[in-house]
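Since the structure comes first, as structure tokens, the remarks are kept for the end.
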Amino acid sequence: MGADDNAQHTAVIGLQWGDEGKGKVVDRLASHHDTIVRYNGGANAGHTIVVDGQRYAMHLIPSGILTPDKMCVIGNGVVVDPVTLLEEMDTLRERGVKAENLRLSSRAHVVMPWHQALDHALEQQLAGRSTDSSLGTTGRGIGPCYADKVTRSTAVRFVDLLDRAALRTKLSVTCDMQNARLSAMAWDGEPFDPITIADEYAGHGERLAPHITDTTYLLHDQIAAGKRLLFEGANACLLDVDHGTYPYVTSSNCSALGIPAGTGLPGRTVDHVIGVVKAYSTRVGAGPFPTELDDQIGNRLRERGHEYGTTTGRPRRCGWLDLVAVRYSAMISGATSLAVMLFDVLAGFDELKICTAYEIDGTRTDRFLPDATLLSRVMPVYETLPGFETEIDSVTRRDDLPADARAYLARIEEITGLPIELVSVGPDRVQTCVG
Ligand code: IMP
């Protein structure tokens with residue numbers, strides 16, 4: 001597959017608010033690459049892949065693990081809950097998938113149990129106020145772990161799990177601080193005991209030790225040896241902490257901009273960026289969503305698309321495709337082509353709408369407004385296209401799609417100025433149209 005088969009290193013980046021189907025694209029591309037790399041986020045992401053009718057839901061391990069003999073790397077920019085990681089490795093092993101080729105950065109930060117507690121406690125505090133300003137996080141401790149990374153003195157990295165005595169000393173201070181923070185937030189759980197936690201997490205370190213390494217040198221060595229790298233973005237551009245709809249974002253640079261910092265590779269490394277776009281829009285958690293449909297059409301998209309979170313099971317908010325947002329995300333990520341996912345979900349609608357501009361205070365603009373307050377005030381300007389009646393879930397060539405379906409794709413290409421190199425028409429690997 002590929003509009004750019006000569007490209008050496010590829011990135012797969014979600015251009016909306018997540019859940020675009022990046023896992024399937026990565027799984028498909030993995031066989032053309034040697035090494036699959038995660039660079040951001042943590043277990044807040046949920047990548048679902050269906051192979052031979054078997055469904056794999058992964059949060060931390062790169063989706064490329066399902067392709068034999070590929071090296072999978074979790075870079076320094078990822079925040080990793082070792083309990084979830086070990087569970088994923090065990091589940092894969094039970095299903096005959098070995099995780100021997102998994103490498104984890106010694107500099108990646110560890111999501112500790114107090115990070116999840118802080119995530120919940122903070123959200124509860126914010127939701128309990130007269131004006132609810134909670135973010136609707138996944139509760140996986142992502143924000144508090146990244147906050148500690150920047151705070152430095154209370155952070156734990158994977159290298160720290162490899163020395164039990166030093167970890168006990170470190171956690172005696174850290175636990176005091178975290179327990180104090182939690183009690184100030186009226187958290188009602190038991191205080192964390194440093195010795196118990198240090199021993200438990202040193203145990204996780206022992207199990208993970210064969211995988212823990214300096215992934216920065218590893219990746220540079222791979223490039224020097226002529227290997228092809230595939231970068232798997234987690235979450236998505238509009239959730240990027242610097243460029244998304246702040247504060248309704250996650251805590252990492254989940255656009256392609258996170259790749260250099262999250263791996264230790266220079267910014268010029270990637271020469272092929274596939275922007276992954278769902279054929280409509282969804283969002284989980286709070287925050288502005290200009291094309292949201294709080295009606296029968298939104299419900300129909302949710303049911304046809306099984307739009308319930310992989311990580312939290314929450315129903316996703318659904319709406320029409322927003323190409324103002326997609327163009328912005330493609331711009332900041334340097335997308336060179338698109339993959340359009342869940343296209344089969346759109347079959348059977350009389351008409352389809354695409355948002356091509358916004359109106360704010362009587363002015364029309366085709367520029368995205370990442371400022372959440374401004375974005376919550378825009379009105380979407382739609383272009384209406386005819387729908388297509390027939391189900392398309394067994395079509396494997398773009399030319400064989402109904403004419404109205406082809407016209408919808410052609411319009412996306414025209415408005416974004418990017419070629420669509422893959423169209424997904426169902427969850428299975430084979431339900432894909434190329435060409
Ligand atoms: P956090 O990443 O758990 O802190 O959540 C912050 C916001 O990002 C919430 O609105 C989440 O629902 C959203 N979010 C984080 N990761 C994903 C993802 O992979 N898909 C969709 N939404 C996500």
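In the structure tokens, chains take letters A, B, ... by order of appearance, with residues numbered from 1 within each chain and ligands from 1 in the order shown.
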Using 7 Å as the limit and counting only C-alpha atoms and all ligand atoms, can you tabulate each residue of chain A that touches ligand 1, with its shortest atom-to-atom distance in Å and the two atoms involved, as JSON lines?
```
{"residue": "A:Trp17", "atom": "CA", "partner": "ligand 1", "partner_atom_place_in_ligand_line": "21 (C)", "distance": 5.6}
{"residue": "A:Gly18", "atom": "CA", "partner": "ligand 1", "partner_atom_place_in_ligand_line": "20 (N)", "distance": 3.8}
{"residue": "A:Asp19", "atom": "CA", "partner": "ligand 1", "partner_atom_place_in_ligand_line": "20 (N)", "distance": 4.9}
{"residue": "A:Asn44", "atom": "CA", "partner": "ligand 1", "partner_atom_place_in_ligand_line": "16 (N)", "distance": 4.6}
{"residue": "A:Ala45", "atom": "CA", "partner": "ligand 1", "partner_atom_place_in_ligand_line": "19 (O)", "distance": 3.5}
{"residue": "A:Gly46", "atom": "CA", "partner": "ligand 1", "partner_atom_place_in_ligand_line": "19 (O)", "distance": 5.7}
{"residue": "A:Leu135", "atom": "CA", "partner": "ligand 1", "partner_atom_place_in_ligand_line": "10 (O)", "distance": 5.6}
{"residue": "A:Gly136", "atom": "CA", "partner": "ligand 1", "partner_atom_place_in_ligand_line": "10 (O)", "distance": 4.9}
{"residue": "A:Thr137", "atom": "CA", "partner": "ligand 1", "partner_atom_place_in_ligand_line": "5 (O)", "distance": 3.4}
{"residue": "A:Thr138", "atom": "CA", "partner": "ligand 1", "partner_atom_place_in_ligand_line": "3 (O)", "distance": 3.6}
{"residue": "A:Gly139", "atom": "CA", "partner": "ligand 1", "partner_atom_place_in_ligand_line": "3 (O)", "distance": 5.3}
{"residue": "A:Arg140", "atom": "CA", "partner": "ligand 1", "partner_atom_place_in_ligand_line": "3 (O)", "distance": 5.6}
{"residue": "A:Gly141", "atom": "CA", "partner": "ligand 1", "partner_atom_place_in_ligand_line": "3 (O)", "distance": 6.7}
{"residue": "A:Ile142", "atom": "CA", "partner": "ligand 1", "partner_atom_place_in_ligand_line": "4 (O)", "distance": 5.2}
{"residue": "A:Gly143", "atom": "CA", "partner": "ligand 1", "partner_atom_place_in_ligand_line": "4 (O)", "distance": 5.0}
{"residue": "A:Ala234", "atom": "CA", "partner": "ligand 1", "partner_atom_place_in_ligand_line": "19 (O)", "distance": 5.9}
{"residue": "A:Asn235", "atom": "CA", "partner": "ligand 1", "partner_atom_place_in_ligand_line": "19 (O)", "distance": 3.6}
{"residue": "A:Ala236", "atom": "CA", "partner": "ligand 1", "partner_atom_place_in_ligand_line": "19 (O)", "distance": 6.9}
{"residue": "A:Leu239", "atom": "CA", "partner": "ligand 1", "partner_atom_place_in_ligand_line": "8 (O)", "distance": 6.0}
{"residue": "A:Tyr248", "atom": "CA", "partner": "ligand 1", "partner_atom_place_in_ligand_line": "7 (C)", "distance": 6.0}
{"residue": "A:Val249", "atom": "CA", "partner": "ligand 1", "partner_atom_place_in_ligand_line": "7 (C)", "distance": 4.9}
{"residue": "A:Thr250", "atom": "CA", "partner": "ligand 1", "partner_atom_place_in_ligand_line": "2 (O)", "distance": 4.0}
{"residue": "A:Ser251", "atom": "CA", "partner": "ligand 1", "partner_atom_place_in_ligand_line": "4 (O)", "distance": 6.1}
{"residue": "A:Arg283", "atom": "CA", "partner": "ligand 1", "partner_atom_place_in_ligand_line": "22 (N)", "distance": 6.3}
{"residue": "A:Val284", "atom": "CA", "partner": "ligand 1", "partner_atom_place_in_ligand_line": "12 (O)", "distance": 4.4}
{"residue": "A:Gly285", "atom": "CA", "partner": "ligand 1", "partner_atom_place_in_ligand_line": "10 (O)", "distance": 3.6}
{"residue": "A:Ala286", "atom": "CA", "partner": "ligand 1", "partner_atom_place_in_ligand_line": "10 (O)", "distance": 5.4}
```
Q: Identify, on the basis of only C-alpha atoms, every residue whose closest approach to Gly75 (chain A) does not exceed 8 Å; exclude the query and any residue fewer than 4 positions from it along the same chain; express the result as JSON, numbers by chain.
A: {"A": [37, 38, 39, 40, 104, 105, 108, 215, 216, 262, 263]}
Q: Give me every helix (DSSP H, G or I) residue in region 196-259 of chain A, going by DSSP on the backbone, as JSON, numbers by chain.
A: {"A": [196, 197, 198, 199, 200, 201, 202, 203, 204, 205, 206, 207, 208, 209, 210, 211, 215, 216, 217, 218, 219, 220, 221, 222, 223, 224, 237, 238, 239, 258, 259]}
**Q.** Who sits within 12 Å of Ala407 (chain A), only C-alpha atoms, same chain under 3 positions skipped, as number ranges by chain
**A.** A: 352, 384-388, 398-399, 401-404, 410-414
(Q) I want to know what sits within 8 Å of region 147-156 of chain A, based on only C-alpha atoms, with residues of the same chain fewer than 6 positions away left out; could you give that as a list of chain:residue names? (A) A:His109, A:Val110, A:Val111, A:Met112, A:Val173, A:Thr174, A:Met177
For the selection just defined, write its residues with all heavy atoms to a file, as a CSV table (one decimal), in the first residue's frame.
```csv
chain,number,residue,atom,x,y,z
A,109,HIS,N,8.3,7.5,31.5
A,109,HIS,CA,7.8,7.7,32.8
A,109,HIS,C,6.8,6.6,33.2
A,109,HIS,O,6.0,6.2,32.4
A,109,HIS,CB,7.3,9.1,33.0
A,109,HIS,CG,8.4,10.1,33.2
A,109,HIS,ND1,8.6,10.8,34.3
A,109,HIS,CD2,9.4,10.5,32.3
A,109,HIS,CE1,9.7,11.5,34.2
A,109,HIS,NE2,10.2,11.4,33.0
A,110,VAL,N,6.9,6.3,34.5
A,110,VAL,CA,6.0,5.2,35.0
A,110,VAL,C,4.7,5.9,35.6
A,110,VAL,O,4.7,6.8,36.4
A,110,VAL,CB,6.7,4.4,36.2
A,110,VAL,CG1,5.8,3.3,36.6
A,110,VAL,CG2,8.0,4.0,35.7
A,111,VAL,N,3.5,5.4,35.1
A,111,VAL,CA,2.3,5.8,35.7
A,111,VAL,C,2.1,5.0,37.0
A,111,VAL,O,2.1,3.8,37.0
A,111,VAL,CB,1.1,5.5,34.8
A,111,VAL,CG1,-0.2,5.9,35.5
A,111,VAL,CG2,1.2,6.3,33.5
A,112,MET,N,2.2,5.7,38.1
A,112,MET,CA,2.1,5.1,39.5
A,112,MET,C,0.6,5.1,39.9
A,112,MET,O,-0.2,5.9,39.4
A,112,MET,CB,3.0,5.9,40.4
A,112,MET,CG,4.5,5.9,40.0
A,112,MET,SD,5.3,4.2,40.0
A,112,MET,CE,5.3,3.8,41.7
A,173,VAL,N,10.0,9.7,49.9
A,173,VAL,CA,9.7,11.1,49.7
A,173,VAL,C,8.4,11.3,48.9
A,173,VAL,O,7.5,12.0,49.2
A,173,VAL,CB,10.9,11.8,49.1
A,173,VAL,CG1,10.6,13.3,48.9
A,173,VAL,CG2,12.2,11.6,49.9
A,174,THR,N,8.4,10.6,47.7
A,174,THR,CA,7.3,10.8,46.7
A,174,THR,C,6.0,10.5,47.4
A,174,THR,O,5.0,11.2,47.2
A,174,THR,CB,7.6,9.9,45.5
A,174,THR,OG1,8.9,10.3,45.0
A,174,THR,CG2,6.6,10.1,44.4
A,177,MET,N,4.6,13.2,49.5
A,177,MET,CA,4.1,14.3,48.7
A,177,MET,C,2.7,13.9,48.1
A,177,MET,O,1.8,14.7,48.2
A,177,MET,CB,5.0,14.6,47.6
A,177,MET,CG,6.4,14.9,48.0
A,177,MET,SD,6.6,16.5,48.6
A,177,MET,CE,8.3,16.5,49.1
```
Q.
So that I can check the surroundings of Asp393 (chain A), please list as a PyMOL selection string every protein, DNA and RNA residue that reaches within 8 Å of it, counting only C-alpha atoms and ignoring chain neighbours fewer than 2 positions away.
A. chain A and resi 344+391+395+425-426+431
(Q) For the strand (DSSP E) assignment from backbone DSSP, which residues of region 202-435 of chain A qualify? Please present them as a PyMOL selection string. (A) chain A and resi 212-213+229-232+272-278+281-283+317-319+321-322+337-341+351-360+363-365+379-386+420-424+432-433
